[in-house]
Amino acid sequence: MQASFREGAREGFRVALPQSIGLIPWALVTGVAMVTAGFTPLQAMGMNVIVFAGVAQLGTLPLIVAGAPPWLIITTALVLNLRFLIFSAAIARGFRDIGAGVRWLSSYLLIDGVFAACLEKMLTEEDRHWRLGYYLAPSVWSWLLWQIFALTGVLAAGAIPRSWSIEFMATIALIVILLPMAKFRPMLVAAATGGSLAVLLHGMPLRLGVIVAIIGGIGAGFLAEHWQTKRAPA
Amino acid sequence: MNYDDSLWLIFLLIGLATTLPRASFILLGSRVALPPFVQRALRYAPAAALAAIVVPDVVLVAGSLQPFNPKLAAAVAAVAVALRWRNPWLPFIAGMAVLLAQRFGLGW
């Protein structure tokens with residue numbers, strides 16, 4: 001292992017450590033939510049390792065519980081993960097001169113917090129060993145935290161009576177993820193449109209209403225942004 | 001509730017739906033770029049999707065619109081606490097406290 005890799009790893013770990021602590025409540029809640037959805041501990045941890053994305057896991061759980069058709073579950077997961085397309089495009093140059101196998105591993109490990117903390121240095125640092133250490137150390141650390149505390153949630157949930165309705169923690173988790181997004185006016189329009197359409201269209205067969213609501217929400221947000229920038233030219 | 005083997009297939013497909021967007025440009029390199037208007041539209045996808053999942057869950061009871069229900073009150077408490085304080089645990093504590101107070105305290 002290169003000395004510069006270890007140096008980058010130390011630096012990346014230090015930079016991303018504070019935000020990684022924020023993963024703990026999410027991992028616990030996700031663990032609890034998977035068990036209250038009816039998964040066995042093995043199934044819950046299987047999903048946790050295979051998917052490794054809190055928003056996609058919490059967001060698809062209600063659909064899985066409701067017995068929604070697989071294509072709807074997959075489409076919803078894809079929509080919730082579209083932000084990763086943007087992250088991936090933004091950070092891509094940071095992986096120049098790095099092999100395909102390591103790029104796959106790095107892709108699987110890509111999460112919001114590490115992306116935000118490490119993006120800038122990934123793009124500007126010349127030494128590829130340093131860059132890789134800088135990205136992989138906090139990513140692997142976050143992965144470990146996520147697995148350990150999800151497992152804690154899985155084991156704890158089994159000990160809590162059903163009548164406490166702790167599955168509602170998953171709904172609270174999604175609300176708390178949504179809130180900071182809605183501070184930006186067009187984003188609020190997108191969320192309000194998506195939410196209202198989903199309520200109005202909940203009677204549609206195959207829960208098609210969810211997909212129509214999401215598409216409507218994206219369109220409404222895009223239009224709201226367009227009008228906002230037209231009215232107030234910078 | 002019990003699930004069969006098809007659940008693992010669903011996990012794998014959700015995993016693909018997560019890893020492929022992450023891998024897209026990291027694997028392609030920076031030779032390919034997203035058009036700016038696509039990037040702008042994509043930013044709204046998570047907010048629209050999360051709202052489409054959460055809102056029906058808190059305002060519908062057994063398939064019909066019911067604005068006064070324990071879940072909505074609990075959700076409102078969680079939102080209020082999250083907007084007021086930065087603490088990551090408080091929304092969960094407040095939301096669950098309001099939900100359970102109604103369930104056990106008031107028998108709703």
# chains A, B, ... in the order shown; residues from 1 in each chain; ligands from 1
$ residues_around --residues "stretch 96-112 of chain A" --least-positions-apart "3" --cutoff "8 Å" --atoms "only C-alpha atoms" --output "ChimeraX atom specification"
/A:52-53,88,92-93,115-116,128,136,139-140,143 /B:19,22-23,26-27,29
$ write_last_selection --atoms "all heavy atoms" --output "short mmCIF file (atom, residue, chain, number, x, y, z; two decimals), in the first residue's frame"
data_model
loop_
_atom_site.label_atom_id
_atom_site.label_comp_id
_atom_site.auth_asym_id
_atom_site.auth_seq_id
_atom_site.Cartn_x
_atom_site.Cartn_y
_atom_site.Cartn_z
N PHE A 52 -27.61 -0.68 0.30
CA PHE A 52 -26.75 0.34 0.91
C PHE A 52 -27.14 1.75 0.49
O PHE A 52 -26.36 2.49 -0.09
CB PHE A 52 -25.26 0.06 0.59
CG PHE A 52 -24.32 1.02 1.26
CD1 PHE A 52 -24.39 1.25 2.62
CD2 PHE A 52 -23.36 1.71 0.52
CE1 PHE A 52 -23.53 2.15 3.24
CE2 PHE A 52 -22.50 2.62 1.13
CZ PHE A 52 -22.59 2.84 2.49
N ALA A 53 -28.40 2.13 0.72
CA ALA A 53 -28.87 3.49 0.42
C ALA A 53 -30.14 3.71 1.24
O ALA A 53 -31.20 3.18 0.89
CB ALA A 53 -29.15 3.66 -1.06
N SER A 88 -22.47 11.31 -9.52
CA SER A 88 -21.53 10.51 -10.29
C SER A 88 -20.88 11.37 -11.37
O SER A 88 -19.66 11.33 -11.59
CB SER A 88 -22.25 9.31 -10.90
OG SER A 88 -21.35 8.43 -11.50
N ALA A 92 -16.83 12.24 -11.26
CA ALA A 92 -16.21 11.30 -12.21
C ALA A 92 -14.73 11.61 -12.46
O ALA A 92 -13.89 10.70 -12.47
CB ALA A 92 -16.97 11.30 -13.53
N ARG A 93 -14.37 12.88 -12.62
CA ARG A 93 -13.00 13.24 -12.95
C ARG A 93 -12.03 12.87 -11.82
O ARG A 93 -10.84 12.69 -12.04
CB ARG A 93 -12.91 14.74 -13.26
CG ARG A 93 -11.96 15.10 -14.39
CD ARG A 93 -12.18 16.54 -14.83
NE ARG A 93 -12.10 17.47 -13.70
CZ ARG A 93 -10.96 17.95 -13.19
NH1 ARG A 93 -9.81 17.58 -13.70
NH2 ARG A 93 -10.97 18.79 -12.18
N PHE A 115 -19.67 12.24 -0.52
CA PHE A 115 -19.62 13.03 -1.76
C PHE A 115 -19.44 14.51 -1.44
O PHE A 115 -18.55 15.18 -1.97
CB PHE A 115 -20.91 12.81 -2.56
CG PHE A 115 -21.09 13.79 -3.70
CD1 PHE A 115 -20.40 13.63 -4.89
CD2 PHE A 115 -21.94 14.88 -3.56
CE1 PHE A 115 -20.55 14.55 -5.93
CE2 PHE A 115 -22.10 15.79 -4.59
CZ PHE A 115 -21.40 15.63 -5.77
N ALA A 116 -20.28 15.01 -0.52
CA ALA A 116 -20.24 16.44 -0.20
C ALA A 116 -18.91 16.81 0.44
O ALA A 116 -18.33 17.85 0.12
CB ALA A 116 -21.40 16.79 0.72
N ARG A 128 -2.96 9.99 -7.69
CA ARG A 128 -4.17 9.14 -7.71
C ARG A 128 -4.26 8.23 -6.48
O ARG A 128 -5.35 7.90 -6.04
CB ARG A 128 -4.25 8.32 -9.00
CG ARG A 128 -3.24 7.22 -9.14
CD ARG A 128 -3.31 6.58 -10.51
NE ARG A 128 -2.08 5.90 -10.82
CZ ARG A 128 -1.95 4.58 -10.81
NH1 ARG A 128 -2.97 3.82 -10.52
NH2 ARG A 128 -0.81 4.02 -11.09
N LEU A 136 -11.81 6.44 -0.30
CA LEU A 136 -12.19 5.11 0.21
C LEU A 136 -12.26 5.05 1.74
O LEU A 136 -13.15 4.39 2.29
CB LEU A 136 -11.23 4.04 -0.30
CG LEU A 136 -11.46 3.60 -1.76
CD1 LEU A 136 -10.49 2.48 -2.13
CD2 LEU A 136 -12.90 3.14 -2.00
N SER A 139 -15.52 6.34 3.01
CA SER A 139 -16.59 5.55 2.41
C SER A 139 -16.73 4.20 3.12
O SER A 139 -17.84 3.78 3.46
CB SER A 139 -16.34 5.32 0.92
OG SER A 139 -16.32 6.55 0.25
N VAL A 140 -15.59 3.52 3.32
CA VAL A 140 -15.62 2.22 3.99
C VAL A 140 -16.07 2.39 5.45
O VAL A 140 -16.87 1.61 5.97
CB VAL A 140 -14.24 1.52 3.90
CG1 VAL A 140 -14.21 0.27 4.77
CG2 VAL A 140 -13.93 1.16 2.46
N TRP A 143 -19.73 2.84 5.49
CA TRP A 143 -20.38 1.56 5.20
C TRP A 143 -20.44 0.72 6.48
O TRP A 143 -21.49 0.14 6.80
CB TRP A 143 -19.59 0.81 4.11
CG TRP A 143 -20.24 -0.46 3.65
CD1 TRP A 143 -21.15 -0.59 2.63
CD2 TRP A 143 -20.03 -1.78 4.16
NE1 TRP A 143 -21.52 -1.90 2.50
CE2 TRP A 143 -20.86 -2.65 3.42
CE3 TRP A 143 -19.23 -2.31 5.18
CZ2 TRP A 143 -20.90 -4.03 3.66
CZ3 TRP A 143 -19.28 -3.68 5.43
CH2 TRP A 143 -20.10 -4.53 4.67
N THR B 19 -26.92 1.11 -7.55
CA THR B 19 -25.51 1.11 -7.93
C THR B 19 -25.28 1.65 -9.34
O THR B 19 -24.30 2.33 -9.60
CB THR B 19 -24.91 -0.30 -7.78
OG1 THR B 19 -25.07 -0.70 -6.41
CG2 THR B 19 -23.43 -0.31 -8.10
N ARG B 22 -25.07 5.38 -9.47
CA ARG B 22 -23.83 5.77 -8.81
C ARG B 22 -22.64 5.53 -9.73
O ARG B 22 -21.69 6.29 -9.78
CB ARG B 22 -23.62 4.94 -7.54
CG ARG B 22 -24.46 5.37 -6.36
CD ARG B 22 -24.41 4.33 -5.26
NE ARG B 22 -24.94 4.83 -4.00
CZ ARG B 22 -25.18 4.09 -2.93
NH1 ARG B 22 -24.95 2.79 -2.97
NH2 ARG B 22 -25.66 4.63 -1.83
N ALA B 23 -22.68 4.40 -10.45
CA ALA B 23 -21.53 3.99 -11.27
C ALA B 23 -21.47 4.71 -12.60
O ALA B 23 -20.41 4.82 -13.20
CB ALA B 23 -21.59 2.48 -11.51
N ILE B 26 -18.89 7.60 -13.11
CA ILE B 26 -17.61 7.19 -12.54
C ILE B 26 -16.96 6.16 -13.47
O ILE B 26 -15.75 6.18 -13.69
CB ILE B 26 -17.80 6.61 -11.11
CG1 ILE B 26 -18.18 7.74 -10.15
CG2 ILE B 26 -16.55 5.89 -10.64
CD1 ILE B 26 -18.38 7.32 -8.71
N LEU B 27 -17.78 5.29 -14.08
CA LEU B 27 -17.23 4.29 -15.00
C LEU B 27 -16.96 4.87 -16.38
O LEU B 27 -15.97 4.55 -17.02
CB LEU B 27 -18.18 3.10 -15.12
CG LEU B 27 -18.15 2.13 -13.94
CD1 LEU B 27 -19.11 0.99 -14.18
CD2 LEU B 27 -16.75 1.58 -13.71
N GLY B 29 -16.22 7.86 -17.08
CA GLY B 29 -15.24 8.94 -17.06
C GLY B 29 -15.95 10.24 -17.39
O GLY B 29 -17.17 10.27 -17.56
#
$ interface_residues --of "chain A" --to "chain B" --cutoff "7 Å" --atoms "only C-alpha atoms" --output "count of residues only"
51
$ closest_residue --among "A:Arg185, A:Leu208, A:Pro180, A:Phe149" --to "A:Trp71" --atoms "only C-alpha atoms"
A:Leu208
$ closest_residue --among "A:Thr193, A:Thr60, A:Gln228, A:Gln2" --to "A:Ala37" --atoms "only C-alpha atoms"
A:Thr60
$ atom_distance --atom1 "atom CA of A:Phe87" --atom2 "atom CA of A:Leu119"
9.1 Å
